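Raw contents of final.cif, mmCIF, C-alpha atoms:
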data_input
loop_
_atom_site.group_PDB
_atom_site.id
_atom_site.type_symbol
_atom_site.label_atom_id
_atom_site.label_comp_id
_atom_site.auth_asym_id
_atom_site.auth_seq_id
_atom_site.Cartn_x
_atom_site.Cartn_y
_atom_site.Cartn_z
ATOM 1 C CA MET J 12 0.000 0.000 0.000
ATOM 2 C CA ALA J 13 1.373 3.402 -0.917
ATOM 3 C CA LEU J 14 1.381 6.134 1.643
ATOM 4 C CA LEU J 15 -1.081 8.951 1.163
ATOM 5 C CA GLY J 16 0.423 11.874 -0.659
ATOM 6 C CA GLN J 17 2.706 9.724 -2.813
ATOM 7 C CA ASN J 18 2.082 9.770 -6.498
ATOM 8 C CA PRO J 19 1.806 6.244 -8.045
ATOM 9 C CA ALA J 20 3.812 7.590 -11.009
ATOM 10 C CA GLN J 21 6.810 7.894 -8.663
ATOM 11 C CA PHE J 22 7.157 4.118 -8.548
ATOM 12 C CA SER J 23 9.896 2.857 -10.770
ATOM 13 C CA PRO J 24 8.603 0.668 -13.633
ATOM 14 C CA SER J 25 11.908 -1.217 -13.583
ATOM 15 C CA ARG J 26 11.118 -2.640 -10.135
ATOM 16 C CA PRO J 27 8.755 -5.577 -10.143
ATOM 17 C CA ASN J 28 5.613 -5.526 -7.997
ATOM 18 C CA ILE J 29 5.953 -7.485 -4.783
ATOM 19 C CA ASN J 30 3.148 -9.867 -3.882
ATOM 20 C CA SER J 31 2.414 -11.194 -0.375
ATOM 21 C CA GLU J 32 4.670 -14.277 -0.743
ATOM 22 C CA GLN J 33 7.571 -12.089 -1.814
ATOM 23 C CA ALA J 34 6.822 -9.646 1.020
ATOM 24 C CA GLN J 35 7.548 -12.371 3.574
ATOM 25 C CA THR J 36 11.002 -12.888 2.149
ATOM 26 C CA ALA J 37 11.671 -9.234 1.283
ATOM 27 C CA ASN J 38 14.386 -7.206 2.895
ATOM 28 C CA PRO J 39 13.362 -6.796 6.562
ATOM 29 C CA SER J 40 14.438 -3.142 6.582
ATOM 30 C CA ARG J 41 11.820 -2.347 3.908
ATOM 31 C CA ARG J 42 9.008 -4.194 5.705
ATOM 32 C CA ASN J 43 6.324 -2.231 7.571
ATOM 33 C CA LYS J 44 6.681 -2.848 11.323
ATOM 34 C CA ARG J 45 2.938 -3.028 12.025
ATOM 35 C CA ASN J 46 1.912 -5.087 9.002
ATOM 36 C CA PRO J 47 4.642 -7.258 7.468
ATOM 37 C CA LEU J 48 2.612 -7.678 4.280
ATOM 38 C CA ILE J 49 3.071 -3.999 3.401
ATOM 39 C CA VAL J 50 6.424 -3.209 1.869
ATOM 40 C CA ALA J 51 7.320 0.438 1.414
ATOM 41 C CA PRO J 52 8.006 2.513 -0.691
ATOM 42 C CA HIS J 53 7.997 0.393 -3.841
ATOM 43 C CA SER J 54 4.759 -1.567 -3.408
ATOM 44 C CA PRO J 55 1.882 -0.690 -5.767
ATOM 45 C CA PRO J 56 -0.938 1.493 -4.330
ATOM 46 C CA SER J 57 -3.923 -0.323 -2.877
ATOM 47 C CA THR J 58 -7.290 0.038 -4.541
ATOM 48 C CA ASP J 59 -9.280 -1.414 -1.623
ATOM 49 C CA PRO J 60 -11.743 1.368 -0.594
ATOM 50 C CA SER J 61 -11.865 0.276 3.059
ATOM 51 C CA ILE J 62 -8.091 0.609 3.405
ATOM 52 C CA LEU J 63 -8.109 3.986 1.678
ATOM 53 C CA MET J 64 -10.947 5.277 3.896
ATOM 54 C CA ALA J 65 -9.101 4.090 7.024
ATOM 55 C CA ALA J 66 -5.950 5.861 5.898
ATOM 56 C CA VAL J 67 -7.833 9.089 5.148
ATOM 57 C CA ALA J 68 -9.613 8.949 8.519
ATOM 58 C CA SER J 69 -6.290 8.356 10.267
ATOM 59 C CA ARG J 70 -4.697 11.364 8.570
ATOM 60 C CA ALA J 71 -7.735 13.557 9.311
ATOM 61 C CA GLY J 72 -7.632 12.575 13.004
ATOM 62 C CA ALA J 73 -3.940 13.372 13.179
ATOM 63 C CA ALA J 74 -4.527 16.747 11.517
ATOM 64 C CA ARG J 75 -7.280 17.608 13.999
ATOM 65 C CA ALA J 76 -5.040 16.645 16.919
ATOM 66 C CA GLY J 77 -2.273 18.798 15.472
ATOM 67 C CA PHE J 78 -4.582 21.775 15.141
ATOM 68 C CA ARG J 79 -5.810 21.286 18.693
ATOM 69 C CA ARG J 80 -2.239 21.264 19.940
ATOM 70 C CA MET J 81 -1.291 24.226 17.798
ATOM 71 C CA PHE J 82 -4.184 26.381 18.998
ATOM 72 C CA SER J 83 -4.347 25.199 22.593
ATOM 73 C CA VAL J 84 -1.043 26.798 23.546
ATOM 74 C CA SER J 85 -1.651 30.500 23.612
ATOM 75 C CA ALA J 86 -0.698 33.538 25.582
ATOM 76 C CA PHE J 87 -4.372 34.513 25.663
ATOM 77 C CA SER J 88 -6.567 32.674 28.079
ATOM 78 C CA PRO J 89 -10.289 33.393 28.054
ATOM 79 C CA PRO J 90 -11.767 34.921 31.179
ATOM 80 C CA PRO J 91 -13.352 32.540 33.650
ATOM 81 C CA PRO J 92 -17.106 32.119 33.305
ATOM 82 C CA PRO J 93 -19.084 34.560 35.405
ATOM 83 C CA ALA J 94 -20.115 33.340 38.810
ATOM 84 C CA ALA J 95 -23.735 32.313 39.033
ATOM 85 C CA ARG J 96 -25.838 35.071 40.450
ATOM 86 C CA PRO J 97 -27.566 34.102 43.668
ATOM 87 C CA ALA J 98 -31.264 33.599 43.066
ATOM 88 C CA ALA J 99 -33.474 36.211 44.630
ATOM 89 C CA GLU J 100 -35.766 35.004 47.359
ATOM 90 C CA PRO J 101 -39.402 34.679 46.300
ATOM 91 C CA CYS J 102 -41.384 37.891 46.569
ATOM 92 C CA ASN J 103 -44.403 39.403 44.849
ATOM 93 C CA ASN J 104 -42.278 41.736 42.668
ATOM 94 C CA LEU J 105 -40.938 40.391 39.338
ATOM 95 C CA PHE J 106 -38.100 41.662 37.199
ATOM 96 C CA VAL J 107 -38.886 41.250 33.489
ATOM 97 C CA SER J 108 -36.059 41.555 30.949
ATOM 98 C CA GLY J 109 -35.799 41.224 27.178
ATOM 99 C CA LEU J 110 -38.667 43.602 26.465
ATOM 100 C CA ASN J 111 -39.191 45.082 23.025
ATOM 101 C CA LYS J 112 -38.493 48.816 22.706
ATOM 102 C CA ARG J 113 -42.148 49.323 21.782
ATOM 103 C CA THR J 114 -43.552 47.490 24.832
ATOM 104 C CA THR J 115 -45.694 49.726 27.019
ATOM 105 C CA THR J 116 -46.663 49.525 30.663
ATOM 106 C CA ASP J 117 -50.244 48.654 29.665
ATOM 107 C CA GLY J 118 -49.008 45.842 27.396
ATOM 108 C CA LEU J 119 -46.856 44.445 30.195
ATOM 109 C CA ARG J 120 -49.740 44.626 32.674
ATOM 110 C CA GLU J 121 -52.110 42.911 30.238
ATOM 111 C CA ALA J 122 -49.669 40.066 29.488
ATOM 112 C CA PHE J 123 -48.999 39.290 33.163
ATOM 113 C CA SER J 124 -52.573 39.766 34.413
ATOM 114 C CA LYS J 125 -53.486 36.344 32.953
ATOM 115 C CA PHE J 126 -51.666 34.703 35.866
ATOM 116 C CA GLY J 127 -52.930 36.715 38.825
ATOM 117 C CA GLN J 128 -53.914 40.126 40.125
ATOM 118 C CA VAL J 129 -51.287 42.662 39.022
ATOM 119 C CA THR J 130 -51.119 45.564 41.452
ATOM 120 C CA GLU J 131 -48.414 47.470 39.597
ATOM 121 C CA ALA J 132 -46.583 47.164 36.288
ATOM 122 C CA ARG J 133 -43.896 49.489 35.034
ATOM 123 C CA VAL J 134 -41.694 49.503 31.929
ATOM 124 C CA ILE J 135 -38.499 51.438 32.532
ATOM 125 C CA THR J 136 -38.121 53.966 29.702
ATOM 126 C CA ASP J 137 -35.354 56.111 28.323
ATOM 127 C CA ARG J 138 -35.717 59.742 29.453
ATOM 128 C CA ILE J 139 -34.940 61.188 26.035
ATOM 129 C CA SER J 140 -36.570 58.842 23.528
ATOM 130 C CA GLY J 141 -39.375 57.566 25.739
ATOM 131 C CA TYR J 142 -38.845 53.993 24.459
ATOM 132 C CA SER J 143 -38.448 51.005 26.737
ATOM 133 C CA ARG J 144 -34.939 50.317 28.028
ATOM 134 C CA GLY J 145 -35.682 46.604 27.690
ATOM 135 C CA PHE J 146 -36.766 45.756 31.204
ATOM 136 C CA GLY J 147 -39.549 46.409 33.661
ATOM 137 C CA PHE J 148 -41.217 45.318 36.892
ATOM 138 C CA VAL J 149 -44.513 43.604 37.635
ATOM 139 C CA LYS J 150 -45.926 43.447 41.142
ATOM 140 C CA TYR J 151 -48.552 40.850 42.083
ATOM 141 C CA ALA J 152 -50.868 40.784 45.086
ATOM 142 C CA THR J 153 -49.335 37.540 46.438
ATOM 143 C CA VAL J 154 -46.099 35.584 46.136
ATOM 144 C CA GLU J 155 -47.993 32.553 44.755
ATOM 145 C CA GLU J 156 -49.396 34.623 41.888
ATOM 146 C CA ALA J 157 -45.897 35.947 41.197
ATOM 147 C CA GLY J 158 -44.655 32.354 40.941
ATOM 148 C CA GLU J 159 -47.441 31.584 38.460
ATOM 149 C CA GLY J 160 -46.474 34.689 36.497
ATOM 150 C CA ILE J 161 -42.884 33.445 36.227
ATOM 151 C CA LYS J 162 -44.011 29.970 35.135
ATOM 152 C CA GLY J 163 -46.382 31.430 32.586
ATOM 153 C CA MET J 164 -44.229 34.162 31.034
ATOM 154 C CA ASP J 165 -40.557 33.196 31.466
ATOM 155 C CA GLY J 166 -39.148 32.401 28.016
ATOM 156 C CA LYS J 167 -42.345 33.395 26.209
ATOM 157 C CA PHE J 168 -42.890 35.947 23.434
ATOM 158 C CA LEU J 169 -44.183 39.442 24.151
ATOM 159 C CA ASP J 170 -44.401 41.904 21.246
ATOM 160 C CA GLY J 171 -42.246 39.575 19.151
ATOM 161 C CA TRP J 172 -39.384 39.279 21.642
ATOM 162 C CA VAL J 173 -38.572 36.471 24.099
ATOM 163 C CA ILE J 174 -38.839 37.824 27.632
ATOM 164 C CA PHE J 175 -37.450 36.520 30.904
ATOM 165 C CA ALA J 176 -39.205 36.846 34.246
ATOM 166 C CA GLU J 177 -37.627 36.291 37.635
ATOM 167 C CA TYR J 178 -38.075 37.424 41.201
ATOM 168 C CA ALA J 179 -36.777 40.966 41.667
ATOM 169 C CA LYS J 180 -33.895 41.508 44.046
ATOM 170 C CA GLN J 181 -34.487 43.927 46.874
ATOM 171 C CA ARG J 182 -32.744 47.257 46.452
ATOM 172 C CA GLU J 183 -29.895 47.964 48.789
ATOM 173 C CA ALA J 184 -30.411 51.111 50.838
ATOM 174 C CA GLN J 185 -28.614 53.956 49.111
ATOM 175 C CA GLN J 186 -27.280 56.776 51.202
ATOM 176 C CA PRO J 187 -27.674 60.268 49.787
ATOM 177 C CA PRO J 188 -24.399 61.936 48.756
ATOM 178 C CA GLN J 189 -22.732 63.958 51.465
ATOM 179 C CA SER J 190 -22.924 67.663 50.731
ATOM 180 C CA ALA J 191 -19.845 69.679 51.505
ATOM 181 C CA GLY J 192 -21.282 73.040 52.352
ATOM 182 C CA THR J 193 -23.542 73.753 49.372
ATOM 183 C CA PRO J 194 -26.786 72.091 48.289
ATOM 184 C CA SER J 195 -25.192 70.864 45.052
ATOM 185 C CA GLY J 196 -22.280 69.232 46.840
ATOM 186 C CA TYR J 197 -19.608 71.363 45.164
ATOM 187 C CA GLN J 198 -17.124 73.384 47.114
ATOM 188 C CA TYR J 199 -16.338 76.908 46.041
ATOM 189 C CA SER J 200 -13.143 78.592 46.950
ATOM 190 C CA SER J 201 -12.998 82.344 47.311
#
Could you show the structure in this file as structure tokens?
Amino acid sequence: MALLGQNPAQFSPSRPNINSEQAQTANPSRRNKRNPLIVAPHSPPSTDPSILMAAVASRAGAARAGFRRMFSVSAFSPPPPPAARPAAEPCNNLFVSGLNKRTTTDGLREAFSKFGQVTEARVITDRISGYSRGFGFVKYATVEEAGEGIKGMDGKFLDGWVIFAEYAKQREAQQPPQSAGTPSGYQYSS
């Protein structure tokens, strides 16, 4: 069997073809170590498709391994995956993300009211354009209704976009900025 990449025209016509009986008695230095029936490099190419497919698959596997090795050693290492955010404890307030820019507060209220009594719904909008910033809040009367709202709307379509609903995290208490003498907080020197 000829090695892949060798041209059969490279074989010398002056050398006779070696059959399997002659391969047993051939020069041991020319015999293939794994398969003594294969004599290289002067044996005629094999036409058996199964042998050719095995050889091609072997070369392709070696090439893939080489590429993996070549690209695995790098000065750049990707950042570690972000740590999983702790799940918010169940409450009656939901955070809804993935909203369409055209989604309104009334549309949000209507979509979530199918799963319980909505006491408040609010789409957070951009101050300048007035369009949705892509998220909002829905408040239910009870925690159980909020859970039903999550089950019913998480991963569903609203105004053509897939939205995600989860329990809202409680806001941390923010302290007002310390003023340094003037109401605006700036200090003036005279």
Exercise. So which residues get picked by the PyMOL selection byres ((chain J and resi 153) around 9) here, written as a list in words?
Worked result: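 For this structure, the PyMOL selection byres ((chain J and resi 153) around 9) resolves to Cys102, Asn103, Gly127, Gln128, Lys150, Tyr151, Ala152, Val154, Glu155, Glu156, Ala157 and Gly158 of chain J.
Between CA of Ala94 (chain J) and CA of Glu177 (chain J) the separation is 17.8 Å.
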For this session: Give as a ChimeraX atom specification the residues that the PyMOL selection byres ((chain J and resi 139-142) around 12) matches when applied to the coordinates above.
Result: /J:110-116,134-138,143-147
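With CA of Ser108 (chain J) on one side and CA of Ala176 (chain J) on the other, the separation reads 6.6 Å.
One distance worth recording is that between CA of Glu100 (chain J) and CA of Gly163 (chain J), which is 18.5 Å.
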Problem set entry | Explicit residues for the PyMOL selection byres ((chain J and resi 125) around 10) (as a list of chain:residue names) |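 What the PyMOL selection byres ((chain J and resi 125) around 10) grabs from the file is J:Arg120, J:Glu121, J:Ala122, J:Phe123, J:Ser124, J:Phe126, J:Gly127, J:Gln128, J:Val129, J:Glu156, J:Glu159, J:Gly160, J:Gly163, J:Met164.
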For this session: Please identify all polymer residues within 9 Å of Ala99 (chain J), counting all atoms listed in the file, omitting same-chain residues fewer than 5 positions from it, and present them as an MDAnalysis selection string.
Result: chainID J and resid 177:181
With 6 Å on each side, where is the centre of the axis-aligned box around all listed atoms of region 95-110 of chain J, and how long are its edges in Å to one decimal, as JSON?
{"center_x": -34.1, "center_y": 38.0, "center_z": 36.9, "size_x": 32.7, "size_y": 23.3, "size_z": 32.9}
Reconstructed region 121-155 of chain J, atom set N, CA and C atoms, as a PDB file, in the coordinates of the input:
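The result, written out as out_18.pdb:
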ATOM      1  N   GLU J 121     -51.148  43.812  30.869  1.00  0.00           N
ATOM      2  CA  GLU J 121     -52.110  42.911  30.238  1.00  0.00           C
ATOM      3  C   GLU J 121     -51.546  41.495  30.084  1.00  0.00           C
ATOM      4  N   ALA J 122     -50.276  41.386  29.685  1.00  0.00           N
ATOM      5  CA  ALA J 122     -49.669  40.066  29.488  1.00  0.00           C
ATOM      6  C   ALA J 122     -49.560  39.293  30.801  1.00  0.00           C
ATOM      7  N   PHE J 123     -49.208  39.973  31.890  1.00  0.00           N
ATOM      8  CA  PHE J 123     -48.999  39.290  33.163  1.00  0.00           C
ATOM      9  C   PHE J 123     -50.285  39.142  33.970  1.00  0.00           C
ATOM     10  N   SER J 124     -51.331  39.860  33.639  1.00  0.00           N
ATOM     11  CA  SER J 124     -52.573  39.766  34.413  1.00  0.00           C
ATOM     12  C   SER J 124     -53.296  38.438  34.182  1.00  0.00           C
ATOM     13  N   LYS J 125     -52.881  37.663  33.187  1.00  0.00           N
ATOM     14  CA  LYS J 125     -53.486  36.344  32.953  1.00  0.00           C
ATOM     15  C   LYS J 125     -53.160  35.358  34.072  1.00  0.00           C
ATOM     16  N   PHE J 126     -52.136  35.660  34.868  1.00  0.00           N
ATOM     17  CA  PHE J 126     -51.666  34.703  35.866  1.00  0.00           C
ATOM     18  C   PHE J 126     -51.925  35.148  37.302  1.00  0.00           C
ATOM     19  N   GLY J 127     -52.613  36.245  37.482  1.00  0.00           N
ATOM     20  CA  GLY J 127     -52.930  36.715  38.825  1.00  0.00           C
ATOM     21  C   GLY J 127     -53.235  38.202  38.813  1.00  0.00           C
ATOM     22  N   GLN J 128     -53.551  38.722  39.998  1.00  0.00           N
ATOM     23  CA  GLN J 128     -53.914  40.126  40.125  1.00  0.00           C
ATOM     24  C   GLN J 128     -52.642  40.987  40.163  1.00  0.00           C
ATOM     25  N   VAL J 129     -52.448  41.779  39.109  1.00  0.00           N
ATOM     26  CA  VAL J 129     -51.287  42.662  39.022  1.00  0.00           C
ATOM     27  C   VAL J 129     -51.640  43.972  39.712  1.00  0.00           C
ATOM     28  N   THR J 130     -50.870  44.317  40.747  1.00  0.00           N
ATOM     29  CA  THR J 130     -51.119  45.564  41.452  1.00  0.00           C
ATOM     30  C   THR J 130     -50.347  46.725  40.834  1.00  0.00           C
ATOM     31  N   GLU J 131     -49.217  46.417  40.215  1.00  0.00           N
ATOM     32  CA  GLU J 131     -48.414  47.470  39.597  1.00  0.00           C
ATOM     33  C   GLU J 131     -47.569  46.857  38.490  1.00  0.00           C
ATOM     34  N   ALA J 132     -47.463  47.572  37.386  1.00  0.00           N
ATOM     35  CA  ALA J 132     -46.583  47.164  36.288  1.00  0.00           C
ATOM     36  C   ALA J 132     -45.900  48.423  35.782  1.00  0.00           C
ATOM     37  N   ARG J 133     -44.618  48.306  35.491  1.00  0.00           N
ATOM     38  CA  ARG J 133     -43.896  49.489  35.034  1.00  0.00           C
ATOM     39  C   ARG J 133     -42.791  49.081  34.066  1.00  0.00           C
ATOM     40  N   VAL J 134     -42.782  49.681  32.889  1.00  0.00           N
ATOM     41  CA  VAL J 134     -41.694  49.503  31.929  1.00  0.00           C
ATOM     42  C   VAL J 134     -40.751  50.673  32.138  1.00  0.00           C
ATOM     43  N   ILE J 135     -39.489  50.382  32.330  1.00  0.00           N
ATOM     44  CA  ILE J 135     -38.499  51.438  32.532  1.00  0.00           C
ATOM     45  C   ILE J 135     -38.153  52.001  31.153  1.00  0.00           C
ATOM     46  N   THR J 136     -38.310  53.323  31.010  1.00  0.00           N
ATOM     47  CA  THR J 136     -38.121  53.966  29.702  1.00  0.00           C
ATOM     48  C   THR J 136     -36.935  54.913  29.710  1.00  0.00           C
ATOM     49  N   ASP J 137     -36.428  55.158  28.510  1.00  0.00           N
ATOM     50  CA  ASP J 137     -35.354  56.111  28.323  1.00  0.00           C
ATOM     51  C   ASP J 137     -35.916  57.516  28.494  1.00  0.00           C
ATOM     52  N   ARG J 138     -35.211  58.397  29.194  1.00  0.00           N
ATOM     53  CA  ARG J 138     -35.717  59.742  29.453  1.00  0.00           C
ATOM     54  C   ARG J 138     -35.844  60.573  28.187  1.00  0.00           C
ATOM     55  N   ILE J 139     -34.954  60.361  27.243  1.00  0.00           N
ATOM     56  CA  ILE J 139     -34.940  61.188  26.035  1.00  0.00           C
ATOM     57  C   ILE J 139     -35.900  60.662  24.983  1.00  0.00           C
ATOM     58  N   SER J 140     -35.754  59.388  24.620  1.00  0.00           N
ATOM     59  CA  SER J 140     -36.570  58.842  23.528  1.00  0.00           C
ATOM     60  C   SER J 140     -37.956  58.411  23.987  1.00  0.00           C
ATOM     61  N   GLY J 141     -38.092  58.039  25.236  1.00  0.00           N
ATOM     62  CA  GLY J 141     -39.375  57.566  25.739  1.00  0.00           C
ATOM     63  C   GLY J 141     -39.621  56.085  25.460  1.00  0.00           C
ATOM     64  N   TYR J 142     -38.691  55.425  24.738  1.00  0.00           N
ATOM     65  CA  TYR J 142     -38.845  53.993  24.459  1.00  0.00           C
ATOM     66  C   TYR J 142     -38.377  53.165  25.648  1.00  0.00           C
ATOM     67  N   SER J 143     -38.827  51.928  25.683  1.00  0.00           N
ATOM     68  CA  SER J 143     -38.448  51.005  26.737  1.00  0.00           C
ATOM     69  C   SER J 143     -36.937  50.787  26.733  1.00  0.00           C
ATOM     70  N   ARG J 144     -36.365  50.647  27.911  1.00  0.00           N
ATOM     71  CA  ARG J 144     -34.939  50.317  28.028  1.00  0.00           C
ATOM     72  C   ARG J 144     -34.735  48.810  27.991  1.00  0.00           C
ATOM     73  N   GLY J 145     -35.807  48.052  27.824  1.00  0.00           N
ATOM     74  CA  GLY J 145     -35.682  46.604  27.690  1.00  0.00           C
ATOM     75  C   GLY J 145     -35.998  45.815  28.939  1.00  0.00           C
ATOM     76  N   PHE J 146     -36.394  46.496  29.998  1.00  0.00           N
ATOM     77  CA  PHE J 146     -36.766  45.756  31.204  1.00  0.00           C
ATOM     78  C   PHE J 146     -37.868  46.506  31.936  1.00  0.00           C
ATOM     79  N   GLY J 147     -38.467  45.817  32.891  1.00  0.00           N
ATOM     80  CA  GLY J 147     -39.549  46.409  33.661  1.00  0.00           C
ATOM     81  C   GLY J 147     -39.830  45.586  34.901  1.00  0.00           C
ATOM     82  N   PHE J 148     -40.847  45.991  35.645  1.00  0.00           N
ATOM     83  CA  PHE J 148     -41.217  45.318  36.892  1.00  0.00           C
ATOM     84  C   PHE J 148     -42.721  45.092  36.911  1.00  0.00           C
ATOM     85  N   VAL J 149     -43.094  43.939  37.464  1.00  0.00           N
ATOM     86  CA  VAL J 149     -44.513  43.604  37.635  1.00  0.00           C
ATOM     87  C   VAL J 149     -44.688  43.183  39.081  1.00  0.00           C
ATOM     88  N   LYS J 150     -45.674  43.774  39.742  1.00  0.00           N
ATOM     89  CA  LYS J 150     -45.926  43.447  41.142  1.00  0.00           C
ATOM     90  C   LYS J 150     -47.288  42.783  41.254  1.00  0.00           C
ATOM     91  N   TYR J 151     -47.320  41.610  41.878  1.00  0.00           N
ATOM     92  CA  TYR J 151     -48.552  40.850  42.083  1.00  0.00           C
ATOM     93  C   TYR J 151     -49.043  41.054  43.508  1.00  0.00           C
ATOM     94  N   ALA J 152     -50.286  40.662  43.751  1.00  0.00           N
ATOM     95  CA  ALA J 152     -50.868  40.784  45.086  1.00  0.00           C
ATOM     96  C   ALA J 152     -50.241  39.781  46.047  1.00  0.00           C
ATOM     97  N   THR J 153     -49.918  38.564  45.561  1.00  0.00           N
ATOM     98  CA  THR J 153     -49.335  37.540  46.438  1.00  0.00           C
ATOM     99  C   THR J 153     -48.099  36.923  45.793  1.00  0.00           C
ATOM    100  N   VAL J 154     -47.315  36.254  46.608  1.00  0.00           N
ATOM    101  CA  VAL J 154     -46.099  35.584  46.136  1.00  0.00           C
ATOM    102  C   VAL J 154     -46.463  34.400  45.236  1.00  0.00           C
ATOM    103  N   GLU J 155     -47.577  33.707  45.565  1.00  0.00           N
ATOM    104  CA  GLU J 155     -47.993  32.553  44.755  1.00  0.00           C
ATOM    105  C   GLU J 155     -48.352  32.989  43.334  1.00  0.00           C
TER     106      GLU J 155
END
